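Undergrad: Here you go, one structure.
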Amino acid sequence: MTAQILDGRAVSATILDRVQQEVAEFVAAHGRVPVLAAVLVGDDPASHTYVRMKANRSAKVGMRSRRIELGADTTTDALVSRIRELSEDPAVDGILLQHPVPEHIDERAAFEAIDAAKDVDGVTRTSFAMMAFDEGGFHSATPGGIMALLDAYEVPLAGKHAVVVGRSPILGKPVGMLLLARDATVTYCHSRTTGLADYVAEADVLVAAVGRPELIKGEWIKPGAVVVDAGYADNTGDVEYAAAARRASFITPVPGGVGPMTIATLLAQTIRAARDHEAGRPDGE
Ligand code: NAP
């Protein structure tokens, strides 16, 4: 068996075409362009690349991105107050704080400074709770993108055993919640899990969200499983791709799988935030 590719580039292009159309309708209706503010702290080259990619995509769909670059020595207080300013700025529709921030910063405090109505990357406690209660808030961008990719290929989830490797607040934990909301039976694995291979071997749907190249061996994959690899470190995913592709029914490539879906979700949520923003404005503001 050779797995079918879950082609994040192709699916994200379809989503971005729709977003572009929605942006054009928004501009025609409101006479302004939606604005996404991207906050970048420090000089991590990968983070700079991600922010640049997001800005390029924003421009392609007709949105404006505002880039706020802060030095590596920025304090938590300074970052929080800068993000609060953006939260209160009526010209900003969505806010993205590029993760990870330098270690001395309290990342949670910085995330919580984002107004929930502008939390288009789905990182605040409010968004997390709405996701958990299935109440339609903004999804964490990568988990939201993973679900959209699975849906594009009509991968059945109800009653399936989904194993999520990783439990970070922006990726592993929320993707498990979204799978649970779709009636999968969810198991989380993490750095303290013993016998990872045995859990992986039981997965009908595997989501790898660790960041350790080829931690998950191809021979562990259950024949016919659906493999989603969100990991990205040293240009490599968490799953041993070639060997896994011989056993899986569907698999994401790295790159070209989850990454483009994350950006598409971010921008789809930004146009939604902009529309909600206009709907909530008092007349004449
Ligand atoms: P993170 O915060 O570092 O979390 C990593 C998770 O992996 C933790 O829950 C950790 O467990 C678990 N883990 C570490 N070693 C493990 C092991 N040996 N066995 C099982 N689990 C282990 O990372 P993250 O932000 O969630 O990101 C994870 C990966 O996804 C990274 O490669 C990142 O680059 C990638 N990512 C991709 C996108 C995209 O758009 N494609 C977006 C975001 C992230 P503990 O909780 O026990 O420490």
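Ligands are numbered from 1 in the order shown, residues from 1 within each chain, and chains are lettered A, B, ... in the order they appear in the structure tokens.
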Could you please extract the residues within 6 Å of ligand 1, counting only C-alpha atoms and all ligand atoms, and hand them back as a count of residues only?
TA: 21
Undergrad: From a DSSP calculation on the backbone, collect every residue of segment 38-132 of chain A in strand (DSSP E) and output the set as number ranges by chain.
TA: A: 38-41, 64-70, 94-97
Undergrad: Set the distance at 9 Å and use only C-alpha atoms: which residues neighbour Lys160 of chain A once local chain neighbours fewer than 3 positions away are removed? I'd like the list as a PyMOL selection string.
TA: chain A and resi 156-157+183-186+203-205
Undergrad: Produce a file of the selected residues containing N, CA and C atoms, as a tab-separated table (two decimals), in the first residue's frame.
TA:
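Saved result, again_7.tsv, follows:
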```tsv
chain	number	residue	atom	x	y	z
A	156	PRO	N	-13.00	9.78	7.82
A	156	PRO	CA	-13.97	9.57	8.88
A	156	PRO	C	-13.29	9.61	10.25
A	157	LEU	N	-13.95	10.25	11.21
A	157	LEU	CA	-13.36	10.41	12.54
A	157	LEU	C	-14.21	9.77	13.64
A	183	ASP	N	-16.20	13.12	17.74
A	183	ASP	CA	-16.54	11.75	18.17
A	183	ASP	C	-15.44	10.72	17.95
A	184	ALA	N	-14.19	11.18	17.81
A	184	ALA	CA	-13.07	10.22	17.87
A	184	ALA	C	-12.83	9.87	19.33
A	185	THR	N	-12.21	8.72	19.55
A	185	THR	CA	-11.76	8.34	20.89
A	185	THR	C	-10.29	8.73	20.96
A	186	VAL	N	-9.98	9.63	21.90
A	186	VAL	CA	-8.67	10.31	21.83
A	186	VAL	C	-7.72	9.84	22.94
A	203	ALA	N	-3.35	3.44	16.67
A	203	ALA	CA	-4.00	4.65	16.14
A	203	ALA	C	-4.62	4.42	14.76
A	204	ASP	N	-5.91	4.73	14.65
A	204	ASP	CA	-6.52	4.83	13.32
A	204	ASP	C	-6.13	6.17	12.69
A	205	VAL	N	-6.05	7.20	13.56
A	205	VAL	CA	-5.63	8.53	13.14
A	205	VAL	C	-4.50	8.95	14.07
```
Undergrad: Which residues, written as a JSON list (two decimals) with C-alpha atoms, in the first residue's frame, have at least one atom at most 7 Å from segment 81-86 of chain A, with only C-alpha atoms counted and residues fewer than 5 positions away on the same chain left out?
TA:
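Output saved as part.json:
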```
[["chain", "number", "residue", "atom", "x", "y", "z"],
["A", 92, "VAL", "CA", -6.53, 46.28, 13.87],
["A", 113, "ALA", "CA", -3.19, 40.49, 26.37],
["A", 114, "ILE", "CA", -4.78, 39.67, 23.01]]
```
Undergrad: In terms of the shortest atom-to-atom distance over only C-alpha atoms, which of A:Ala129, A:Leu267, A:Leu40, A:Met1 is closest to Asp93 of chain A?
TA: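 Smallest distance to Asp93 of chain A is found for A:Leu267.
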Undergrad: Between A:Val41, A:Ile170, A:Ala279, A:Ala24, which one has atoms that come closest to Pro102 of chain A, using only C-alpha atoms?
TA: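 Distance minimum relative to Pro102 of chain A lands on A:Val41.
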Undergrad: Of the residues A:Val228, A:Val27, A:Val80, A:Ala72, which is the one nearest to Arg108 of chain A, using only C-alpha atoms?
TA: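 Ranked by minimum distance to Arg108 of chain A, first place goes to A:Val80.
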Undergrad: Name the residues of segment 8-255 of chain A that come out as helix (DSSP H, G or I) in a backbone DSSP run; write them as a PyMOL selection string.
TA: chain A and resi 8-30+45-60+76-88+107-112+116-118+125-132+141-152+172-181+196-201+218-220+241-245
Undergrad: Compile the contact shell of Asp89 of chain A as an mmCIF file with C-alpha atoms, in the first residue's frame: residues with an atom at most 12 Å away, counting only C-alpha atoms, same-chain residues fewer than 6 positions apart removed.
TA:
```
data_model
loop_
_atom_site.group_PDB
_atom_site.id
_atom_site.type_symbol
_atom_site.label_atom_id
_atom_site.label_comp_id
_atom_site.auth_asym_id
_atom_site.auth_seq_id
_atom_site.Cartn_x
_atom_site.Cartn_y
_atom_site.Cartn_z
ATOM 1 C CA VAL A 35 -5.542 44.346 9.101
ATOM 2 C CA LEU A 36 -3.576 41.550 10.784
ATOM 3 C CA ALA A 37 -0.937 42.680 13.283
ATOM 4 C CA ARG A 82 2.283 46.695 23.251
ATOM 5 C CA ILE A 83 -0.209 43.873 22.625
ATOM 6 C CA ILE A 95 -3.392 39.852 16.309
ATOM 7 C CA ILE A 114 -4.776 39.668 23.011
ATOM 8 C CA ASP A 115 -8.439 40.697 22.898
ATOM 9 C CA LYS A 118 -8.896 39.581 17.694
ATOM 10 C CA HIS A 277 -15.470 43.765 14.111
#
```
Undergrad: Which residues are close to Val61 of chain A, i.e. within 12 Å by only C-alpha atoms, leaving aside same-chain residues fewer than 6 positions away? Reply as a ChimeraX atom specification.
TA: /A:13-27,33-35,54-55,263-264,267-268,270-271
Undergrad: Write out the residues from the selection above, keeping N, CA, C and O atoms, as a short mmCIF file (atom, residue, chain, number, x, y, z; two decimals), in the first residue's frame.
TA:
```
data_model
loop_
_atom_site.label_atom_id
_atom_site.label_comp_id
_atom_site.auth_asym_id
_atom_site.auth_seq_id
_atom_site.Cartn_x
_atom_site.Cartn_y
_atom_site.Cartn_z
N ALA A 13 -4.74 26.32 -0.87
CA ALA A 13 -4.95 27.24 -2.01
C ALA A 13 -6.45 27.45 -2.23
O ALA A 13 -6.90 28.58 -2.51
N THR A 14 -7.23 26.38 -2.08
CA THR A 14 -8.69 26.50 -2.24
C THR A 14 -9.27 27.41 -1.15
O THR A 14 -10.11 28.27 -1.42
N ILE A 15 -8.80 27.21 0.08
CA ILE A 15 -9.30 28.04 1.19
C ILE A 15 -8.90 29.51 0.95
O ILE A 15 -9.71 30.42 1.13
N LEU A 16 -7.67 29.72 0.51
CA LEU A 16 -7.21 31.10 0.32
C LEU A 16 -7.93 31.79 -0.83
O LEU A 16 -8.16 32.99 -0.78
N ASP A 17 -8.33 31.02 -1.85
CA ASP A 17 -9.16 31.61 -2.93
C ASP A 17 -10.47 32.14 -2.35
O ASP A 17 -10.93 33.22 -2.71
N ARG A 18 -11.06 31.33 -1.46
CA ARG A 18 -12.32 31.74 -0.83
C ARG A 18 -12.10 32.98 0.05
O ARG A 18 -12.89 33.93 0.03
N VAL A 19 -10.99 32.98 0.80
CA VAL A 19 -10.70 34.13 1.67
C VAL A 19 -10.51 35.39 0.82
O VAL A 19 -11.02 36.47 1.15
N GLN A 20 -9.82 35.24 -0.31
CA GLN A 20 -9.58 36.40 -1.19
C GLN A 20 -10.90 37.00 -1.65
O GLN A 20 -11.08 38.22 -1.68
N GLN A 21 -11.82 36.12 -2.01
CA GLN A 21 -13.16 36.55 -2.44
C GLN A 21 -13.87 37.29 -1.30
O GLN A 21 -14.45 38.36 -1.48
N GLU A 22 -13.77 36.72 -0.09
CA GLU A 22 -14.42 37.34 1.07
C GLU A 22 -13.80 38.69 1.40
O GLU A 22 -14.49 39.62 1.81
N VAL A 23 -12.48 38.79 1.22
CA VAL A 23 -11.80 40.07 1.48
C VAL A 23 -12.30 41.12 0.48
O VAL A 23 -12.60 42.26 0.85
N ALA A 24 -12.43 40.72 -0.79
CA ALA A 24 -12.90 41.66 -1.82
C ALA A 24 -14.31 42.15 -1.46
O ALA A 24 -14.61 43.35 -1.57
N GLU A 25 -15.16 41.24 -1.01
CA GLU A 25 -16.53 41.63 -0.61
C GLU A 25 -16.49 42.57 0.59
O GLU A 25 -17.25 43.54 0.67
N PHE A 26 -15.58 42.28 1.52
CA PHE A 26 -15.44 43.12 2.72
C PHE A 26 -15.01 44.54 2.34
O PHE A 26 -15.57 45.52 2.82
N VAL A 27 -14.02 44.62 1.45
CA VAL A 27 -13.50 45.94 1.03
C VAL A 27 -14.62 46.72 0.34
O VAL A 27 -14.81 47.92 0.59
N VAL A 33 -9.41 47.82 4.20
CA VAL A 33 -8.78 46.50 4.07
C VAL A 33 -8.62 45.89 5.47
O VAL A 33 -8.23 46.61 6.40
N PRO A 34 -8.92 44.60 5.66
CA PRO A 34 -8.70 43.98 6.98
C PRO A 34 -7.20 44.01 7.36
O PRO A 34 -6.34 43.86 6.49
N VAL A 35 -6.94 44.21 8.64
CA VAL A 35 -5.54 44.35 9.10
C VAL A 35 -5.20 43.27 10.13
O VAL A 35 -5.90 43.10 11.13
N LYS A 54 3.56 34.58 6.40
CA LYS A 54 2.19 34.97 6.73
C LYS A 54 1.86 36.32 6.11
O LYS A 54 0.76 36.53 5.60
N ALA A 55 2.83 37.26 6.15
CA ALA A 55 2.61 38.59 5.56
C ALA A 55 2.42 38.48 4.05
O ALA A 55 1.54 39.12 3.46
N ILE A 263 -1.50 28.58 7.98
CA ILE A 263 -1.59 29.95 7.47
C ILE A 263 -3.00 30.21 6.91
O ILE A 263 -3.60 31.26 7.16
N ALA A 264 -3.53 29.22 6.20
CA ALA A 264 -4.88 29.40 5.62
C ALA A 264 -5.91 29.59 6.73
O ALA A 264 -6.81 30.44 6.61
N LEU A 267 -5.67 33.13 8.21
CA LEU A 267 -6.24 34.20 7.38
C LEU A 267 -7.76 34.06 7.26
O LEU A 267 -8.47 35.06 7.24
N ALA A 268 -8.26 32.83 7.24
CA ALA A 268 -9.72 32.63 7.22
C ALA A 268 -10.33 33.21 8.50
O ALA A 268 -11.41 33.81 8.49
N THR A 270 -8.99 35.64 10.24
CA THR A 270 -8.81 37.09 10.24
C THR A 270 -9.95 37.79 9.50
O THR A 270 -10.47 38.80 9.98
N ILE A 271 -10.36 37.26 8.36
CA ILE A 271 -11.47 37.92 7.65
C ILE A 271 -12.76 37.76 8.47
O ILE A 271 -13.57 38.68 8.53
#
```
Undergrad: With only C-alpha atoms as the basis for distance, which of A:Thr124, A:Ser87, A:Ser140, A:Thr236 is at the shortest distance from Pro213 of chain A?
TA: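 Answer, going by the shortest atom-to-atom distance: A:Thr236.
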Undergrad: Excluding Ala158 of chain A and residues on its chain fewer than 3 positions from it, collect all residues at most 10 Å away from it, counting only C-alpha atoms, and give them as a VMD selection string.
TA: chain A and resid 155 161 to 162 179 to 185
Undergrad: Take the residues just selected and output them with N, CA and C atoms as a short mmCIF file (atom, residue, chain, number, x, y, z; two decimals), in the first residue's frame.
TA:
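Done, and the output landed in again_1.cif:
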```
data_model
loop_
_atom_site.label_atom_id
_atom_site.label_comp_id
_atom_site.auth_asym_id
_atom_site.auth_seq_id
_atom_site.Cartn_x
_atom_site.Cartn_y
_atom_site.Cartn_z
N VAL A 155 -11.98 12.27 5.65
CA VAL A 155 -11.47 11.22 6.53
C VAL A 155 -12.49 11.01 7.65
N HIS A 161 -10.02 5.65 16.67
CA HIS A 161 -9.07 5.91 17.75
C HIS A 161 -8.02 6.90 17.25
N ALA A 162 -8.05 8.11 17.80
CA ALA A 162 -7.07 9.13 17.42
C ALA A 162 -6.00 9.20 18.51
N LEU A 179 -10.71 16.72 17.81
CA LEU A 179 -10.99 15.35 17.38
C LEU A 179 -12.07 14.73 18.27
N LEU A 180 -12.00 15.03 19.56
CA LEU A 180 -13.02 14.53 20.49
C LEU A 180 -14.40 15.08 20.12
N ALA A 181 -14.44 16.37 19.77
CA ALA A 181 -15.71 17.00 19.38
C ALA A 181 -16.30 16.33 18.14
N ARG A 182 -15.47 15.67 17.38
CA ARG A 182 -15.93 14.95 16.17
C ARG A 182 -16.11 13.47 16.45
N ASP A 183 -16.20 13.12 17.74
CA ASP A 183 -16.54 11.75 18.17
C ASP A 183 -15.44 10.72 17.95
N ALA A 184 -14.19 11.18 17.81
CA ALA A 184 -13.07 10.22 17.87
C ALA A 184 -12.83 9.87 19.33
N THR A 185 -12.21 8.72 19.55
CA THR A 185 -11.76 8.34 20.89
C THR A 185 -10.29 8.73 20.96
#
```
Undergrad: For a quick check of understanding, using only C-alpha atoms, which of A:Ala38, A:Ala59, A:Leu215, A:Ala243 has the smallest distance to Val120 of chain A?
TA: A:Ala38
Undergrad: Of the candidates A:Tyr241, A:Phe111, A:Phe250, A:Tyr50, which one gets nearest to Val226 of chain A if we count only C-alpha atoms?
TA: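 Distance minimum relative to Val226 of chain A lands on A:Phe250.
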